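Note: the block below is my_file-v4.cif and it holds mmCIF, C-alpha atoms.
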```
data_query
#
loop_
_atom_site.label_atom_id
_atom_site.label_comp_id
_atom_site.auth_asym_id
_atom_site.auth_seq_id
_atom_site.Cartn_x
_atom_site.Cartn_y
_atom_site.Cartn_z
CA MET A 1 -6.09 18.73 -27.01
CA LYS A 2 -3.01 20.05 -28.83
CA THR A 3 -2.28 22.41 -25.94
CA LYS A 4 -2.31 19.49 -23.47
CA LYS A 5 0.11 17.56 -25.66
CA ILE A 6 2.45 20.54 -25.96
CA VAL A 7 2.40 21.08 -22.19
CA SER A 8 2.99 17.38 -21.47
CA TYR A 9 5.90 17.19 -23.94
CA ALA A 10 7.38 20.41 -22.56
CA PHE A 11 7.14 19.08 -19.00
CA LEU A 12 8.76 15.79 -20.07
CA ALA A 13 11.56 17.70 -21.80
CA LEU A 14 12.19 19.77 -18.65
CA VAL A 15 12.34 16.64 -16.49
CA LEU A 16 14.78 14.92 -18.87
CA LEU A 17 16.88 18.08 -19.06
CA PHE A 18 16.98 18.31 -15.26
CA VAL A 19 18.04 14.67 -14.96
CA TYR A 20 20.58 14.48 -17.78
CA ALA A 21 21.97 18.02 -18.00
CA PRO A 22 24.81 17.42 -15.47
CA ILE A 23 25.85 14.26 -17.32
CA LEU A 24 25.77 16.02 -20.69
CA VAL A 25 27.93 18.83 -19.28
CA LEU A 26 30.49 16.26 -18.08
CA ILE A 27 30.49 14.55 -21.47
CA ILE A 28 30.98 17.84 -23.34
CA PHE A 29 33.87 18.95 -21.11
CA SER A 30 35.48 15.50 -21.25
CA PHE A 31 36.76 16.56 -24.67
CA THR A 32 38.92 19.36 -23.32
CA ASP A 33 41.85 19.17 -20.89
CA ALA A 34 40.78 22.17 -18.79
CA HIS A 35 40.98 21.58 -15.03
CA ILE A 36 37.75 23.48 -14.35
CA ILE A 37 34.40 22.73 -15.94
CA GLY A 38 33.27 25.82 -17.83
CA GLN A 39 36.67 26.55 -19.32
CA TRP A 40 37.38 25.33 -22.85
CA HIS A 41 41.01 24.80 -23.91
CA GLY A 42 40.23 23.33 -27.30
CA PHE A 43 39.00 19.93 -28.45
CA SER A 44 41.18 17.11 -27.11
CA PHE A 45 41.14 13.40 -26.22
CA ASP A 46 43.81 13.99 -23.58
CA LEU A 47 41.54 13.05 -20.66
CA TYR A 48 40.60 9.74 -22.29
CA VAL A 49 44.27 8.97 -22.97
CA ARG A 50 45.17 9.85 -19.40
CA LEU A 51 42.36 7.66 -18.07
CA PHE A 52 43.89 4.51 -19.58
CA THR A 53 47.62 5.37 -19.44
CA VAL A 54 48.06 6.65 -15.87
CA GLU A 55 48.76 3.51 -13.84
CA ARG A 56 46.85 4.54 -10.70
CA LEU A 57 43.73 5.37 -12.69
CA ARG A 58 43.97 2.21 -14.77
CA ASN A 59 44.38 0.00 -11.69
CA MET A 60 41.43 1.71 -10.02
CA ILE A 61 39.19 1.04 -13.03
CA VAL A 62 40.30 -2.60 -13.30
CA ASN A 63 39.75 -3.13 -9.56
CA THR A 64 36.23 -1.72 -9.79
CA VAL A 65 35.20 -3.69 -12.90
CA VAL A 66 36.60 -7.02 -11.63
CA LEU A 67 35.00 -6.57 -8.21
CA ALA A 68 31.64 -5.65 -9.77
CA ALA A 69 31.77 -8.64 -12.15
CA LEU A 70 32.61 -11.09 -9.36
CA ALA A 71 30.05 -9.63 -6.95
CA GLY A 72 27.41 -9.53 -9.70
CA ALA A 73 28.00 -13.14 -10.75
CA ILE A 74 27.99 -14.54 -7.21
CA SER A 75 25.00 -12.42 -6.19
CA THR A 76 23.08 -13.57 -9.27
CA VAL A 77 23.66 -17.25 -8.48
CA LEU A 78 22.81 -16.86 -4.78
CA GLY A 79 19.87 -14.54 -5.48
CA THR A 80 18.37 -16.87 -8.11
CA LEU A 81 18.68 -19.89 -5.82
CA GLY A 82 17.27 -17.86 -2.93
CA ALA A 83 14.34 -16.62 -5.01
CA MET A 84 13.46 -20.18 -6.09
CA GLY A 85 13.76 -21.39 -2.51
CA ILE A 86 11.47 -18.60 -1.29
CA PHE A 87 8.96 -19.13 -4.09
CA TYR A 88 8.68 -22.92 -3.72
CA ALA A 89 8.70 -22.92 0.10
CA LYS A 90 5.51 -23.35 2.12
CA LYS A 91 3.37 -20.22 2.30
CA GLY A 92 4.27 -19.29 5.89
CA TRP A 93 7.98 -19.86 5.37
CA SER A 94 7.88 -18.10 1.99
CA LYS A 95 6.53 -14.85 3.44
CA SER A 96 8.98 -14.92 6.37
CA LEU A 97 11.98 -15.59 4.11
CA GLN A 98 10.96 -12.89 1.64
CA GLY A 99 10.55 -10.41 4.48
CA ALA A 100 14.00 -11.29 5.80
CA SER A 101 15.45 -10.84 2.31
CA ASN A 102 13.86 -7.41 2.00
CA ILE A 103 15.49 -6.11 5.19
CA ASN A 104 18.77 -5.32 3.42
CA VAL A 105 16.87 -3.59 0.61
CA ILE A 106 15.13 -1.08 2.90
CA ASN A 107 17.85 -0.92 5.55
CA ALA A 108 20.30 1.99 5.66
CA GLU A 109 23.53 1.09 3.91
CA ILE A 110 25.62 2.47 6.76
CA VAL A 111 24.00 -0.07 9.11
CA ILE A 112 24.93 -2.92 6.76
CA ALA A 113 28.49 -1.60 6.41
CA VAL A 114 29.08 -1.22 10.15
CA SER A 115 27.54 -4.65 10.84
CA LEU A 116 29.77 -6.32 8.26
CA ALA A 117 32.87 -4.52 9.56
CA LEU A 118 32.14 -5.63 13.15
CA VAL A 119 31.50 -9.24 12.13
CA PHE A 120 34.69 -9.39 10.04
CA SER A 121 36.63 -7.84 12.93
CA MET A 122 35.28 -10.47 15.35
CA LEU A 123 36.32 -13.23 12.94
CA ALA A 124 39.80 -11.69 12.47
CA PHE A 125 38.87 -11.37 8.81
CA ASN A 126 38.81 -7.60 8.53
CA ARG A 127 40.04 -5.43 5.65
CA THR A 128 40.89 -8.03 3.02
CA TYR A 129 39.76 -8.44 -0.58
CA TYR A 130 37.52 -11.31 0.51
CA SER A 131 35.78 -9.18 3.15
CA LEU A 132 35.18 -6.55 0.47
CA LEU A 133 33.76 -9.14 -1.96
CA ILE A 134 31.54 -10.71 0.72
CA GLY A 135 30.26 -7.27 1.69
CA HIS A 136 29.27 -6.47 -1.91
CA VAL A 137 27.63 -9.88 -2.36
CA ALA A 138 25.66 -9.47 0.88
CA PHE A 139 24.48 -6.04 -0.28
CA CYS A 140 23.57 -7.02 -3.87
CA THR A 141 21.97 -10.45 -3.40
CA PRO A 142 18.59 -9.24 -2.01
CA PHE A 143 18.13 -7.04 -5.08
CA VAL A 144 18.61 -10.06 -7.34
CA VAL A 145 15.96 -11.90 -5.32
CA LEU A 146 13.58 -8.99 -5.92
CA SER A 147 14.24 -9.18 -9.67
CA VAL A 148 13.75 -12.95 -9.99
CA ILE A 149 10.68 -13.56 -7.79
CA PRO A 150 8.22 -11.64 -10.07
CA LYS A 151 9.31 -13.80 -13.02
CA LEU A 152 8.76 -16.95 -10.97
CA LYS A 153 5.24 -15.77 -10.16
CA GLN A 154 4.52 -15.40 -13.89
CA ILE A 155 5.39 -19.04 -14.65
CA ASP A 156 2.57 -21.53 -15.03
CA PRO A 157 3.16 -23.94 -12.08
CA SER A 158 2.03 -26.89 -14.19
CA LEU A 159 4.99 -26.50 -16.61
CA TYR A 160 7.53 -27.90 -14.13
CA GLU A 161 5.20 -30.74 -13.13
CA ALA A 162 4.49 -31.52 -16.79
CA ALA A 163 8.22 -31.76 -17.48
CA LEU A 164 8.58 -34.26 -14.63
CA ASP A 165 5.61 -36.28 -15.90
CA LEU A 166 7.23 -36.44 -19.34
CA GLY A 167 10.32 -38.09 -17.85
CA ALA A 168 12.62 -35.16 -17.14
CA THR A 169 14.70 -35.27 -13.98
CA PRO A 170 14.21 -32.40 -11.49
CA ALA A 171 17.55 -30.89 -12.54
CA LYS A 172 16.71 -31.15 -16.26
CA ALA A 173 13.25 -29.65 -15.69
CA LEU A 174 14.89 -26.79 -13.80
CA PHE A 175 17.40 -25.99 -16.54
CA LYS A 176 15.09 -26.64 -19.51
CA VAL A 177 11.81 -25.20 -18.21
CA VAL A 178 12.19 -22.91 -15.20
CA LEU A 179 15.45 -21.09 -15.91
CA PRO A 180 14.59 -20.09 -19.52
CA GLU A 181 11.30 -18.61 -18.27
CA ILE A 182 12.94 -16.51 -15.54
CA LEU A 183 16.05 -15.58 -17.58
CA PRO A 184 14.96 -11.92 -18.09
CA GLY A 185 14.67 -11.52 -14.31
CA ILE A 186 18.09 -13.12 -13.81
CA VAL A 187 19.68 -10.79 -16.38
CA SER A 188 17.98 -7.77 -14.77
CA GLY A 189 19.22 -8.86 -11.36
CA PHE A 190 22.75 -9.33 -12.68
CA MET A 191 22.80 -5.86 -14.25
CA LEU A 192 21.38 -4.32 -11.07
CA ALA A 193 23.98 -6.11 -8.91
CA ILE A 194 26.82 -4.84 -11.12
CA THR A 195 25.43 -1.29 -11.01
CA LEU A 196 25.11 -1.36 -7.21
CA SER A 197 28.64 -2.72 -6.83
CA LEU A 198 30.13 -0.14 -9.19
CA ASP A 199 28.35 2.67 -7.37
CA ASP A 200 28.94 1.58 -3.77
CA TYR A 201 31.10 3.68 -1.48
CA ILE A 202 29.97 3.07 2.12
CA ILE A 203 30.35 -0.71 2.30
CA THR A 204 33.53 -0.52 0.23
CA SER A 205 35.14 2.02 2.56
CA PHE A 206 34.35 -0.14 5.63
CA THR A 207 35.59 -3.46 4.22
CA LYS A 208 38.34 -2.77 1.64
CA PRO A 209 42.08 -3.24 2.19
CA ALA A 210 44.06 -0.05 2.79
CA GLU A 211 45.83 -0.06 -0.60
CA PHE A 212 42.78 -1.07 -2.64
CA ASP A 213 40.67 1.56 -4.40
CA THR A 214 37.48 1.50 -6.43
CA ILE A 215 36.07 4.40 -8.46
CA SER A 216 33.96 5.68 -5.56
CA THR A 217 36.71 5.58 -2.93
CA TYR A 218 39.31 6.95 -5.34
CA VAL A 219 37.14 9.93 -6.31
CA TYR A 220 36.38 10.68 -2.65
CA ASN A 221 40.06 10.56 -1.70
CA ALA A 222 41.04 12.62 -4.75
CA VAL A 223 38.57 15.37 -3.80
CA LYS A 224 39.49 15.16 -0.13
CA ASN A 225 43.22 15.41 -0.81
CA THR A 226 42.70 17.93 -3.66
CA ALA A 227 44.60 15.81 -6.19
CA LYS A 228 43.51 18.19 -8.92
CA SER A 229 45.83 16.84 -11.60
CA GLU A 230 43.82 13.59 -11.84
CA LEU A 231 40.30 14.84 -11.20
CA PRO A 232 39.57 16.03 -14.78
CA ALA A 233 40.08 12.45 -16.04
CA PHE A 234 36.92 11.43 -14.21
CA ARG A 235 34.91 13.48 -16.69
CA ALA A 236 36.09 11.05 -19.36
CA LEU A 237 35.33 8.11 -17.06
CA ALA A 238 31.78 9.38 -16.52
CA ALA A 239 31.32 9.70 -20.29
CA VAL A 240 32.59 6.13 -20.88
CA ILE A 241 30.31 4.66 -18.19
CA PHE A 242 27.30 6.56 -19.54
CA ALA A 243 28.02 5.39 -23.11
CA VAL A 244 28.37 1.74 -22.05
CA ILE A 245 25.14 1.80 -20.02
CA ALA A 246 23.25 3.56 -22.82
CA ALA A 247 24.49 0.96 -25.33
CA VAL A 248 23.41 -1.93 -23.08
CA VAL A 249 19.95 -0.41 -22.57
CA VAL A 250 19.50 0.13 -26.32
CA VAL A 251 20.54 -3.46 -27.13
CA LEU A 252 18.21 -4.90 -24.48
CA ASN A 253 15.31 -2.79 -25.73
CA ILE A 254 15.92 -3.84 -29.33
CA ARG A 255 15.97 -7.51 -28.32
CA ALA A 256 12.79 -7.09 -26.26
CA ASN A 257 11.02 -5.37 -29.18
CA ARG A 258 12.08 -8.13 -31.57
CA LYS A 259 10.73 -10.80 -29.22
CA THR A 260 7.46 -8.89 -28.83
CA ASN A 261 7.07 -8.48 -32.60
CA LYS A 262 7.88 -12.16 -33.12
CA LYS A 263 5.18 -13.20 -30.64
CA ILE A 264 2.65 -10.88 -32.32
CA ILE A 265 3.43 -12.41 -35.73
CA GLU A 266 3.17 -15.94 -34.31
CA ASN A 267 -0.18 -15.14 -32.69
CA LYS A 268 -1.51 -13.73 -35.99
CA GLU A 269 -0.41 -16.87 -37.85
CA ILE A 270 -2.10 -19.10 -35.25
CA LYS A 271 -5.37 -17.13 -35.57
CA ARG A 272 -5.26 -17.58 -39.34
#
```
What is this structure when it is put down as structure tokens?
Amino acid sequence: MKTKKIVSYAFLALVLLFVYAPILVLIIFSFTDAHIIGQWHGFSFDLYVRLFTVERLRNMIVNTVVLAALAGAISTVLGTLGAMGIFYAKKGWSKSLQGASNINVINAEIVIAVSLALVFSMLAFNRTYYSLLIGHVAFCTPFVVLSVIPKLKQIDPSLYEAALDLGATPAKALFKVVLPEILPGIVSGFMLAITLSLDDYIITSFTKPAEFDTISTYVYNAVKNTAKSELPAFRALAAVIFAVIAAVVVVLNIRANRKTNKKIIENKEIKR
């Protein structure tokens, strides 16, 4: 039994090492100003300073964060409304609409990017900030729908009807009963939409204005044009992004554990 545990823990450690080793290497070498990973020129915060003081890098980060926040917020609203529409539609329509929503999830991203670029070109709306934002929203919204629908399926259908019977208007029942129950799915969808927007390169490259850069397009162009003086700063950027995501995950897990413990305590008190 002990041997099985040792083997399982060793296998888990190897998997985690395989997944996180490249990120850990980037984080370690973000604290030295060497141009090449593997060389150590002494401990330094120079890359972090450069990341937020060089104007081109700072603008690129701001562009990416603002775009992701806007795309995430719009996608969350549209995805939540779409999920509720799909869930409360008639059975035949519900399945058809959900299948249509899933097309963008399983479809190749290059197909979505080319389709959007052609449509924007036909509408004389190509290569603007709005075409970029619409492209990100179109890409992220189906993933929000996927996050919200399972939470809707977990709701007791009688809760909404009971709220109406007790005198609540449909809007009040929606905001007081339905939305609080599906809030974890909405938050998950919002976080997923932001992550997808931050990470996207293909749709961004097909729909962005010529002078506009996000992290993905900037890194690609920097590598392509061998702009070596700015490339080391992306080690610091990777470390910052990893730290922020890790902090968010820890906070969400702590809140989830507190809610679970609270429910367990409440159930014990009810049984008493």
So which residues touch Ala193 of chain A within 12 Å, counting all atoms listed in the file, skipping near sequence neighbours fewer than 4 positions away, as an mmCIF file with C-alpha atoms, keeping the file's coordinate frame?
```cif
data_model
loop_
_atom_site.group_PDB
_atom_site.id
_atom_site.type_symbol
_atom_site.label_atom_id
_atom_site.label_comp_id
_atom_site.auth_asym_id
_atom_site.auth_seq_id
_atom_site.Cartn_x
_atom_site.Cartn_y
_atom_site.Cartn_z
ATOM 1 C CA LEU A 67 35.000 -6.570 -8.210
ATOM 2 C CA ALA A 68 31.640 -5.650 -9.770
ATOM 3 C CA ALA A 69 31.770 -8.640 -12.150
ATOM 4 C CA LEU A 70 32.610 -11.090 -9.360
ATOM 5 C CA ALA A 71 30.050 -9.630 -6.950
ATOM 6 C CA GLY A 72 27.410 -9.530 -9.700
ATOM 7 C CA ALA A 73 28.000 -13.140 -10.750
ATOM 8 C CA ILE A 74 27.990 -14.540 -7.210
ATOM 9 C CA SER A 75 25.000 -12.420 -6.190
ATOM 10 C CA THR A 76 23.080 -13.570 -9.270
ATOM 11 C CA VAL A 77 23.660 -17.250 -8.480
ATOM 12 C CA LEU A 78 22.810 -16.860 -4.780
ATOM 13 C CA GLY A 79 19.870 -14.540 -5.480
ATOM 14 C CA HIS A 136 29.270 -6.470 -1.910
ATOM 15 C CA VAL A 137 27.630 -9.880 -2.360
ATOM 16 C CA ALA A 138 25.660 -9.470 0.880
ATOM 17 C CA PHE A 139 24.480 -6.040 -0.280
ATOM 18 C CA CYS A 140 23.570 -7.020 -3.870
ATOM 19 C CA THR A 141 21.970 -10.450 -3.400
ATOM 20 C CA PRO A 142 18.590 -9.240 -2.010
ATOM 21 C CA PHE A 143 18.130 -7.040 -5.080
ATOM 22 C CA VAL A 144 18.610 -10.060 -7.340
ATOM 23 C CA VAL A 145 15.960 -11.900 -5.320
ATOM 24 C CA LEU A 146 13.580 -8.990 -5.920
ATOM 25 C CA SER A 147 14.240 -9.180 -9.670
ATOM 26 C CA ILE A 186 18.090 -13.120 -13.810
ATOM 27 C CA VAL A 187 19.680 -10.790 -16.380
ATOM 28 C CA SER A 188 17.980 -7.770 -14.770
ATOM 29 C CA GLY A 189 19.220 -8.860 -11.360
ATOM 30 C CA SER A 197 28.640 -2.720 -6.830
ATOM 31 C CA LEU A 198 30.130 -0.140 -9.190
ATOM 32 C CA ASP A 199 28.350 2.670 -7.370
ATOM 33 C CA ASP A 200 28.940 1.580 -3.770
#
```
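In this comparison, which uses all atoms listed in the file, the residue of A:Leu57, A:Ile155, A:Gly99, A:Phe206 approaching Phe120 of chain A most closely is A:Phe206.
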Show me, as AutoDock Vina command-line options, the centre and edge lengths in Å to one decimal of the axis-aligned box that covers every listed atom of segment 82-91 of chain A with 3 Å on each side.
```
--center_x 10.3 --center_y -20.0 --center_z -1.9 --size_x 19.9 --size_y 12.7 --size_z 14.4
```
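Across the model, the gap from atom CA of Val240 of chain A to atom CA of Gly38 of chain A is 19.9 Å.
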Expand the PyMOL selection byres ((chain A and resi 219) around 12) into the individual residues it matches in the shown file, reporting them as a compact mmCIF listing (two decimals) with C-alpha atoms, in the frame of the given file.
```txt
# COMPACT_ATOMS: atom_id res chain seq x y z
CA ARG A 56 46.85 4.54 -10.70
CA LEU A 57 43.73 5.37 -12.69
CA MET A 60 41.43 1.71 -10.02
CA ILE A 61 39.19 1.04 -13.03
CA ASP A 199 28.35 2.67 -7.37
CA ASP A 200 28.94 1.58 -3.77
CA TYR A 201 31.10 3.68 -1.48
CA ASP A 213 40.67 1.56 -4.40
CA THR A 214 37.48 1.50 -6.43
CA ILE A 215 36.07 4.40 -8.46
CA SER A 216 33.96 5.68 -5.56
CA THR A 217 36.71 5.58 -2.93
CA TYR A 218 39.31 6.95 -5.34
CA TYR A 220 36.38 10.68 -2.65
CA ASN A 221 40.06 10.56 -1.70
CA ALA A 222 41.04 12.62 -4.75
CA VAL A 223 38.57 15.37 -3.80
CA LYS A 224 39.49 15.16 -0.13
CA ASN A 225 43.22 15.41 -0.81
CA THR A 226 42.70 17.93 -3.66
CA ALA A 227 44.60 15.81 -6.19
CA LYS A 228 43.51 18.19 -8.92
CA GLU A 230 43.82 13.59 -11.84
CA LEU A 231 40.30 14.84 -11.20
CA PRO A 232 39.57 16.03 -14.78
CA ALA A 233 40.08 12.45 -16.04
CA PHE A 234 36.92 11.43 -14.21
CA ARG A 235 34.91 13.48 -16.69
CA LEU A 237 35.33 8.11 -17.06
CA ALA A 238 31.78 9.38 -16.52
```
- line: As a check of understanding: the span from atom CA of Leu81 of chain A to atom CA of Val249 of chain A is 25.7 Å
task: Work out how far atom CA of Val244 of chain A is from atom CA of Ile202 of chain A, in Å to one decimal.
output: 24.3 Å
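For the choices A:Tyr129, A:Phe175, A:Phe242, A:Tyr48, the atom-to-atom distance to Pro209 of chain A is smallest for A:Tyr129 when using all atoms listed in the file.
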Complete the atoms of segment 236-247 of chain A to all heavy atoms and put them out as an mmCIF file, in the frame of the given file.
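Writing done, so here's selection.cif:
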```cif
data_model
loop_
_atom_site.group_PDB
_atom_site.id
_atom_site.type_symbol
_atom_site.label_atom_id
_atom_site.label_comp_id
_atom_site.auth_asym_id
_atom_site.auth_seq_id
_atom_site.Cartn_x
_atom_site.Cartn_y
_atom_site.Cartn_z
ATOM 1 N N ALA A 236 36.034 12.056 -18.298
ATOM 2 C CA ALA A 236 36.090 11.050 -19.360
ATOM 3 C C ALA A 236 35.540 9.716 -18.866
ATOM 4 O O ALA A 236 34.826 9.018 -19.605
ATOM 5 C CB ALA A 236 37.537 10.878 -19.840
ATOM 6 N N LEU A 237 35.836 9.368 -17.626
ATOM 7 C CA LEU A 237 35.330 8.110 -17.060
ATOM 8 C C LEU A 237 33.803 8.127 -16.994
ATOM 9 O O LEU A 237 33.146 7.133 -17.332
ATOM 10 C CB LEU A 237 35.919 7.902 -15.670
ATOM 11 C CG LEU A 237 35.460 6.637 -14.938
ATOM 12 C CD1 LEU A 237 35.831 5.391 -15.728
ATOM 13 C CD2 LEU A 237 36.067 6.590 -13.540
ATOM 14 N N ALA A 238 33.234 9.257 -16.578
ATOM 15 C CA ALA A 238 31.780 9.380 -16.520
ATOM 16 C C ALA A 238 31.162 9.233 -17.909
ATOM 17 O O ALA A 238 30.126 8.575 -18.082
ATOM 18 C CB ALA A 238 31.395 10.741 -15.925
ATOM 19 N N ALA A 239 31.813 9.804 -18.909
ATOM 20 C CA ALA A 239 31.320 9.700 -20.290
ATOM 21 C C ALA A 239 31.366 8.250 -20.778
ATOM 22 O O ALA A 239 30.426 7.768 -21.437
ATOM 23 C CB ALA A 239 32.141 10.593 -21.211
ATOM 24 N N VAL A 240 32.451 7.529 -20.462
ATOM 25 C CA VAL A 240 32.590 6.130 -20.880
ATOM 26 C C VAL A 240 31.512 5.274 -20.216
ATOM 27 O O VAL A 240 30.862 4.444 -20.874
ATOM 28 C CB VAL A 240 33.991 5.603 -20.541
ATOM 29 C CG1 VAL A 240 34.068 4.097 -20.747
ATOM 30 C CG2 VAL A 240 35.042 6.302 -21.387
ATOM 31 N N ILE A 241 31.312 5.442 -18.912
ATOM 32 C CA ILE A 241 30.310 4.660 -18.190
ATOM 33 C C ILE A 241 28.917 4.928 -18.749
ATOM 34 O O ILE A 241 28.125 4.001 -18.970
ATOM 35 C CB ILE A 241 30.361 4.976 -16.682
ATOM 36 C CG1 ILE A 241 31.669 4.472 -16.081
ATOM 37 C CG2 ILE A 241 29.170 4.341 -15.955
ATOM 38 C CD1 ILE A 241 31.881 4.888 -14.636
ATOM 39 N N PHE A 242 28.613 6.202 -18.995
ATOM 40 C CA PHE A 242 27.300 6.560 -19.540
ATOM 41 C C PHE A 242 27.096 5.934 -20.918
ATOM 42 O O PHE A 242 26.010 5.414 -21.223
ATOM 43 C CB PHE A 242 27.175 8.080 -19.628
ATOM 44 C CG PHE A 242 25.842 8.550 -20.149
ATOM 45 C CD1 PHE A 242 24.731 8.587 -19.324
ATOM 46 C CD2 PHE A 242 25.707 8.935 -21.478
ATOM 47 C CE1 PHE A 242 23.503 9.012 -19.809
ATOM 48 C CE2 PHE A 242 24.481 9.356 -21.972
ATOM 49 C CZ PHE A 242 23.375 9.394 -21.130
ATOM 50 N N ALA A 243 28.128 5.960 -21.760
ATOM 51 C CA ALA A 243 28.020 5.390 -23.110
ATOM 52 C C ALA A 243 27.794 3.889 -23.063
ATOM 53 O O ALA A 243 26.967 3.344 -23.806
ATOM 54 C CB ALA A 243 29.283 5.719 -23.912
ATOM 55 N N VAL A 244 28.517 3.192 -22.174
ATOM 56 C CA VAL A 244 28.370 1.740 -22.050
ATOM 57 C C VAL A 244 26.965 1.378 -21.584
ATOM 58 O O VAL A 244 26.305 0.483 -22.138
ATOM 59 C CB VAL A 244 29.427 1.168 -21.088
ATOM 60 C CG1 VAL A 244 29.131 -0.293 -20.764
ATOM 61 C CG2 VAL A 244 30.819 1.303 -21.681
ATOM 62 N N ILE A 245 26.476 2.081 -20.546
ATOM 63 C CA ILE A 245 25.140 1.800 -20.020
ATOM 64 C C ILE A 245 24.071 2.089 -21.065
ATOM 65 O O ILE A 245 23.122 1.315 -21.242
ATOM 66 C CB ILE A 245 24.888 2.618 -18.739
ATOM 67 C CG1 ILE A 245 25.796 2.111 -17.618
ATOM 68 C CG2 ILE A 245 23.424 2.520 -18.303
ATOM 69 C CD1 ILE A 245 25.747 2.940 -16.359
ATOM 70 N N ALA A 246 24.221 3.214 -21.778
ATOM 71 C CA ALA A 246 23.250 3.560 -22.820
ATOM 72 C C ALA A 246 23.236 2.494 -23.914
ATOM 73 O O ALA A 246 22.164 2.098 -24.401
ATOM 74 C CB ALA A 246 23.589 4.923 -23.415
ATOM 75 N N ALA A 247 24.412 1.990 -24.300
ATOM 76 C CA ALA A 247 24.490 0.960 -25.330
ATOM 77 C C ALA A 247 23.807 -0.335 -24.874
ATOM 78 O O ALA A 247 23.072 -0.968 -25.640
ATOM 79 C CB ALA A 247 25.948 0.673 -25.689
#
```
